[in-house]
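S.K.: I'm passing along structure.cif; it holds mmCIF, C-alpha atoms.
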```cif
data_upload
loop_
_atom_site.label_atom_id
_atom_site.label_comp_id
_atom_site.auth_asym_id
_atom_site.auth_seq_id
_atom_site.Cartn_x
_atom_site.Cartn_y
_atom_site.Cartn_z
CA MET A 1 38.13 41.98 86.57
CA SER A 2 37.92 42.63 82.87
CA GLN A 3 39.56 40.19 80.54
CA ILE A 4 42.39 41.42 78.50
CA ASP A 5 42.50 40.25 74.86
CA PHE A 6 46.04 39.77 73.72
CA THR A 7 45.02 38.87 70.10
CA PRO A 8 47.03 40.99 67.72
CA GLN A 9 45.12 43.44 65.57
CA TRP A 10 46.57 42.12 62.37
CA TYR A 11 45.16 38.67 63.19
CA ARG A 12 41.76 40.14 63.80
CA ASN A 13 41.92 41.94 60.50
CA GLU A 14 42.92 38.70 58.79
CA LEU A 15 39.93 36.81 60.31
CA HIS A 16 37.61 39.62 59.26
CA SER A 17 38.96 39.48 55.70
CA VAL A 18 38.46 35.69 55.59
CA ARG A 19 34.90 36.02 56.76
CA ASN A 20 34.22 38.70 54.16
CA ARG A 21 35.69 36.51 51.41
CA ARG A 22 33.53 33.59 52.50
CA ARG A 23 30.42 35.78 52.44
CA ARG A 24 31.29 37.06 48.96
CA MET A 25 31.97 33.52 47.72
CA ALA A 26 28.67 32.28 49.15
CA PHE A 27 26.86 35.20 47.55
CA VAL A 28 28.55 34.53 44.20
CA GLY A 29 27.70 30.81 44.53
CA VAL A 30 24.05 31.62 45.15
CA ILE A 31 24.02 33.89 42.12
CA ILE A 32 25.64 31.15 39.99
CA VAL A 33 23.09 28.60 41.17
CA LEU A 34 20.25 31.00 40.41
CA MET A 35 21.67 31.74 36.97
CA VAL A 36 22.09 28.04 36.16
CA SER A 37 18.56 27.34 37.36
CA TRP A 38 17.20 30.23 35.31
CA PHE A 39 19.12 29.00 32.24
CA VAL A 40 17.84 25.45 32.63
CA ILE A 41 14.26 26.61 33.13
CA ASN A 42 14.39 28.96 30.12
CA GLU A 43 16.10 26.33 28.00
CA GLY A 44 13.20 23.99 28.69
CA ARG A 45 10.74 26.73 27.85
CA ILE A 46 12.59 27.54 24.65
CA ARG A 47 12.55 23.90 23.59
CA SER A 48 8.87 23.65 24.44
CA VAL A 49 8.10 26.77 22.41
CA GLN A 50 10.23 25.48 19.52
CA ALA A 51 8.36 22.17 19.61
CA MET A 52 5.03 24.00 19.61
CA LEU A 53 6.24 26.19 16.75
CA HIS A 54 7.30 23.16 14.69
CA GLU A 55 3.97 21.48 15.42
CA THR A 56 2.09 24.63 14.42
CA GLN A 57 4.09 24.89 11.21
CA ALA A 58 3.44 21.23 10.44
CA ASN A 59 -0.27 21.68 11.13
CA SER A 60 -0.31 24.82 8.97
CA GLU A 61 1.39 23.01 6.09
CA GLN A 62 -0.98 20.08 6.46
CA SER A 63 -3.92 22.46 6.56
CA GLN A 64 -2.70 24.16 3.38
CA LEU A 65 -2.28 20.79 1.66
CA LEU A 66 -5.76 19.72 2.76
CA SER A 67 -7.19 23.06 1.60
CA ALA A 68 -5.50 22.70 -1.79
CA ARG A 69 -6.72 19.11 -2.06
CA LEU A 70 -10.25 20.18 -1.13
CA GLN A 71 -10.20 22.92 -3.77
CA SER A 72 -8.93 20.41 -6.33
CA ILE A 73 -11.76 18.03 -5.44
CA ARG A 74 -14.28 20.87 -5.72
CA ASP A 75 -12.92 21.84 -9.15
CA GLU A 76 -13.01 18.21 -10.27
CA LYS A 77 -16.58 17.87 -8.95
CA GLN A 78 -17.65 21.00 -10.79
CA LYS A 79 -16.03 19.73 -13.98
CA LEU A 80 -17.73 16.34 -13.65
CA GLN A 81 -21.07 18.03 -12.94
CA GLY A 82 -20.66 20.09 -16.09
CA GLN A 83 -19.85 16.98 -18.12
CA LEU A 84 -22.81 15.16 -16.58
CA ALA A 85 -25.15 18.03 -17.43
CA HIS A 86 -23.76 18.05 -20.97
CA PHE A 87 -24.28 14.31 -21.38
CA LYS A 88 -27.77 14.50 -19.89
CA ALA A 89 -28.62 17.22 -22.38
CA LEU A 90 -27.35 15.04 -25.22
CA GLN A 91 -28.67 11.68 -24.12
CA ASN A 92 -31.93 12.07 -26.05
CA HIS A 93 -30.48 13.92 -29.02
CA VAL A 94 -30.23 12.06 -32.31
CA PRO A 95 -26.66 12.37 -33.68
CA PRO A 96 -26.27 14.50 -36.85
CA SER A 97 -24.86 11.47 -38.68
CA VAL A 98 -28.14 9.62 -38.09
CA VAL A 99 -30.18 12.59 -39.37
CA LEU A 100 -28.03 12.86 -42.49
CA ALA A 101 -28.19 9.11 -43.04
CA GLU A 102 -32.01 9.17 -42.80
CA ILE A 103 -32.24 12.03 -45.29
CA SER A 104 -29.85 10.23 -47.65
CA HIS A 105 -31.98 7.09 -47.33
CA ARG A 106 -35.17 9.02 -48.19
CA ILE A 107 -33.85 11.01 -51.14
CA PRO A 108 -34.72 9.66 -54.61
CA ASP A 109 -32.10 8.80 -57.20
CA GLN A 110 -32.99 11.78 -59.38
CA ALA A 111 -32.49 14.24 -56.49
CA SER A 112 -29.43 15.46 -54.64
CA LEU A 113 -28.74 17.22 -51.35
CA VAL A 114 -26.80 20.45 -51.79
CA ASP A 115 -27.01 21.96 -48.31
CA PHE A 116 -27.53 20.54 -44.80
CA ARG A 117 -27.66 22.46 -41.54
CA LEU A 118 -28.54 21.27 -38.05
CA ALA A 119 -29.23 23.70 -35.22
CA PRO A 120 -30.84 23.49 -31.76
CA VAL A 121 -34.32 24.87 -31.19
CA SER A 122 -35.91 26.13 -27.99
CA VAL A 123 -39.51 25.04 -27.41
CA ASN A 124 -41.79 25.89 -24.50
CA ARG A 125 -43.06 22.40 -23.86
CA ALA A 126 -45.81 23.31 -21.39
CA SER A 127 -47.43 25.90 -23.64
CA THR A 128 -46.93 23.69 -26.68
CA ARG A 129 -48.59 20.68 -25.04
CA LYS A 130 -51.52 22.93 -23.95
CA ARG A 131 -51.89 24.33 -27.46
CA THR A 132 -51.62 21.01 -29.29
CA SER A 133 -53.97 19.21 -26.87
CA ARG A 134 -56.82 21.40 -28.12
CA SER A 135 -56.11 20.59 -31.74
CA ALA A 136 -57.48 17.13 -32.52
CA SER A 137 -56.80 17.48 -36.21
CA VAL A 138 -53.03 17.79 -35.76
CA PRO A 139 -51.19 14.47 -36.29
CA ARG A 140 -49.58 12.80 -33.30
CA ALA A 141 -46.14 13.13 -34.83
CA HIS A 142 -46.71 16.84 -35.18
CA ASN A 143 -47.58 17.16 -31.49
CA SER A 144 -44.57 15.09 -30.48
CA ALA A 145 -42.27 17.21 -32.60
CA GLN A 146 -43.52 20.46 -31.13
CA ALA A 147 -43.28 19.11 -27.59
CA TYR A 148 -40.04 17.15 -27.85
CA CYS A 149 -37.95 18.66 -30.65
CA ARG A 150 -34.58 20.13 -29.73
CA MET A 151 -32.97 20.05 -33.18
CA LYS A 152 -34.00 21.56 -36.50
CA ALA A 153 -32.52 20.49 -39.82
CA THR A 154 -32.53 22.81 -42.82
CA ILE A 155 -31.84 21.12 -46.14
CA THR A 156 -31.72 22.34 -49.72
CA ALA A 157 -32.24 19.78 -52.44
CA HIS A 158 -32.08 19.68 -56.25
CA ALA A 159 -34.28 17.39 -58.33
CA THR A 160 -34.68 16.76 -62.03
CA GLY A 161 -38.41 17.47 -61.85
CA SER A 162 -41.29 18.50 -59.63
CA GLU A 163 -42.53 14.92 -59.28
CA THR A 164 -39.15 13.79 -57.94
CA MET A 165 -39.08 16.65 -55.44
CA PHE A 166 -42.63 15.85 -54.26
CA ARG A 167 -41.65 12.21 -53.82
CA PHE A 168 -38.68 13.30 -51.72
CA VAL A 169 -40.94 15.44 -49.51
CA ARG A 170 -43.38 12.54 -49.14
CA ASN A 171 -40.55 10.22 -48.13
CA LEU A 172 -39.44 12.66 -45.46
CA LYS A 173 -42.99 12.91 -44.11
CA GLU A 174 -43.12 9.13 -43.77
CA SER A 175 -39.91 9.06 -41.72
CA ALA A 176 -40.30 8.37 -37.99
CA LEU A 177 -37.34 10.62 -37.27
CA PHE A 178 -39.02 13.86 -38.34
CA GLY A 179 -42.17 15.16 -36.71
CA VAL A 180 -42.79 18.52 -38.40
CA LEU A 181 -42.07 19.36 -42.03
CA ASP A 182 -42.08 22.96 -43.24
CA GLN A 183 -41.44 23.66 -46.90
CA GLY A 184 -40.24 26.63 -48.77
CA GLY A 185 -41.23 27.39 -52.32
CA MET A 186 -39.84 25.50 -55.27
CA SER A 187 -37.72 27.37 -57.77
CA GLY A 188 -35.85 26.58 -60.94
CA ARG A 189 -32.10 26.57 -61.06
CA GLU A 190 -29.90 26.09 -64.08
CA LEU A 191 -26.77 24.07 -63.50
CA SER A 192 -24.37 23.10 -66.31
CA GLY A 193 -27.04 23.82 -68.89
CA VAL A 194 -29.65 21.69 -67.10
CA THR A 195 -32.69 23.21 -65.40
CA LEU A 196 -33.25 21.69 -61.92
CA LYS A 197 -35.89 22.17 -59.28
CA GLN A 198 -34.59 23.59 -55.98
CA LYS A 199 -36.45 23.45 -52.69
CA THR A 200 -35.58 24.30 -49.08
CA ILE A 201 -37.11 22.01 -46.45
CA TYR A 202 -37.17 22.48 -42.69
CA LEU A 203 -37.26 19.31 -40.59
CA TYR A 204 -37.85 19.14 -36.83
CA VAL A 205 -35.91 16.18 -35.48
CA LEU A 206 -37.62 14.19 -32.75
CA ASP A 207 -35.81 13.21 -29.58
CA ALA A 208 -34.75 9.61 -29.28
CA GLU A 209 -37.48 8.93 -26.69
CA CYS A 210 -40.20 9.94 -29.16
CA ILE A 211 -39.05 7.89 -32.14
CA ALA A 212 -41.20 4.84 -32.70
CA PRO A 213 -39.27 1.52 -32.64
#
```
What would the structure in this file look like if it were written as structure tokens?
M.R.:
Amino acid sequence: MSQIDFTPQWYRNELHSVRNRRRRMAFVGVIIVLMVSWFVINEGRIRSVQAMLHETQANSEQSQLLSARLQSIRDEKQKLQGQLAHFKALQNHVPPSVVLAEISHRIPDQASLVDFRLAPVSVNRASTRKRTSRSASVPRAHNSAQAYCRMKATITAHATGSETMFRFVRNLKESALFGVLDQGGMSGRELSGVTLKQKTIYLYVLDAECIAP
């Protein structure tokens, strides 16, 4: 015999509706859980990326500071090297005040200095040493001046007479500071009704290392 189901149709419909609601709620719950999980995972990734970004920015700023500091050190080094080269170039030069003081010490009372100029000279030391080594008649001071002079003094002097001017030239020749002495011609010059002798003299100033103690 077949069983007869006396369950009303409306009750069956109600049970079917309940089951459908439960399925929909379970489906929605799964979606919510997946969305929350996705949000949590992405939030962690976002924070990780933000941390990496901050670290990269910090490293970039530090790298820029280090690069600027390095460039500053390089500029300072180049400046110091320039100063060192300048001081090395001047370490053997006799100061102009010393040259002028030596000339003033050598000038006679009846003479006066009317013009004084000091300028650097460029000398090929190798060729000069080779040339002067073959000349035994050239004084040692002359050789030293040609090989070691970097400064040339040009002076113009007035004297009351030729003898005074010659004495001034002789005094300059006896100075240990000057190695080569070139002279221009002597001429007469009238100043305030007085006739004076005028002479231009060229002095090659020895380096400090060549001056005898």
S.K.: What is the atom CA of Phe166 of chain A to atom CA of His105 of chain A distance in Å?
M.R.: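 Taking atom CA of Phe166 of chain A as the start and atom CA of His105 of chain A as the end point, the length is 15.4 Å.
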S.K.: I'd like the contact shell of Lys199 of chain A - 8 Å cut-off, all atoms listed in the file, skipping same-chain residues fewer than 4 positions apart - returned as a JSON list (two decimals) with C-alpha atoms, in the frame of the given file.
M.R.:
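Resulting contents of part_2.json:
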```json
[["chain", "number", "residue", "atom", "x", "y", "z"],
["A", 156, "THR", "CA", -31.72, 22.34, -49.72],
["A", 157, "ALA", "CA", -32.24, 19.78, -52.44],
["A", 158, "HIS", "CA", -32.08, 19.68, -56.25],
["A", 165, "MET", "CA", -39.08, 16.65, -55.44],
["A", 183, "GLN", "CA", -41.44, 23.66, -46.90],
["A", 184, "GLY", "CA", -40.24, 26.63, -48.77],
["A", 185, "GLY", "CA", -41.23, 27.39, -52.32],
["A", 186, "MET", "CA", -39.84, 25.50, -55.27],
["A", 187, "SER", "CA", -37.72, 27.37, -57.77]]
```
S.K.: Would you please work out which residue, of A:Arg24, A:Arg19, A:Lys152, A:Lys173, is nearest to Arg117 of chain A when using all atoms listed in the file?
M.R.: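 Result for the nearest residue to Arg117 of chain A: A:Lys152.
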S.K.: How many Å lie between atom CA of Val49 of chain A and atom CA of Ala68 of chain A, rounded to one decimal?
M.R.: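 Straight-line distance from atom CA of Val49 of chain A to atom CA of Ala68 of chain A works out to 28.1 Å.
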S.K.: How many Å separate atom CA of Val114 of chain A from atom CA of Thr154 of chain A?
M.R.: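 Those two atoms sit 10.9 Å apart.
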S.K.: Please enclose the listed atoms of segment 49-60 of chain A in an axis-aligned box, pad each side by 3 Å, and write out the centre and the three edge lengths in Å, rounded to one decimal, as AutoDock Vina command-line options.
M.R.:
```
--center_x 5.0 --center_y 24.0 --center_z 15.7 --size_x 16.5 --size_y 11.5 --size_z 19.4
```
S.K.: Give as a VMD selection string the residues that the PyMOL selection byres ((chain A and resi 116) around 12) matches when applied to the coordinates above.
M.R.: chain A and resid 96 to 97 99 to 101 103 to 104 112 to 115 117 to 119 152 to 157 200 to 203
S.K.: Name the closest residue to Arg150 of chain A among the candidates A:Glu55, A:Gln81, A:Val169, A:Pro95; distances are taken between atoms, counting only C-alpha atoms.
M.R.: A:Pro95
S.K.: So which residues fall inside 7 Å of (-33.1, 28.8, -57.2) if we count all atoms listed in the file? Mind giving them as a ChimeraX atom specification?
M.R.: /A:187-189,198
S.K.: Which residues are near Ala159 of chain A? Cut-off 6 Å, all atoms listed in the file, ignore same chain within fewer than 6 positions. Put them as a ChimeraX atom specification.
M.R.: /A:110-111,165,196-197
S.K.: Take the residues from that selection and put them in a file with C-alpha atoms, as a PDB file, keeping the file's coordinate frame.
M.R.:
```
ATOM      1  CA  GLN A 110     -32.990  11.780 -59.380  1.00  0.00           C
ATOM      2  CA  ALA A 111     -32.490  14.240 -56.490  1.00  0.00           C
ATOM      3  CA  MET A 165     -39.080  16.650 -55.440  1.00  0.00           C
ATOM      4  CA  LEU A 196     -33.250  21.690 -61.920  1.00  0.00           C
ATOM      5  CA  LYS A 197     -35.890  22.170 -59.280  1.00  0.00           C
TER       6      LYS A 197
END
```
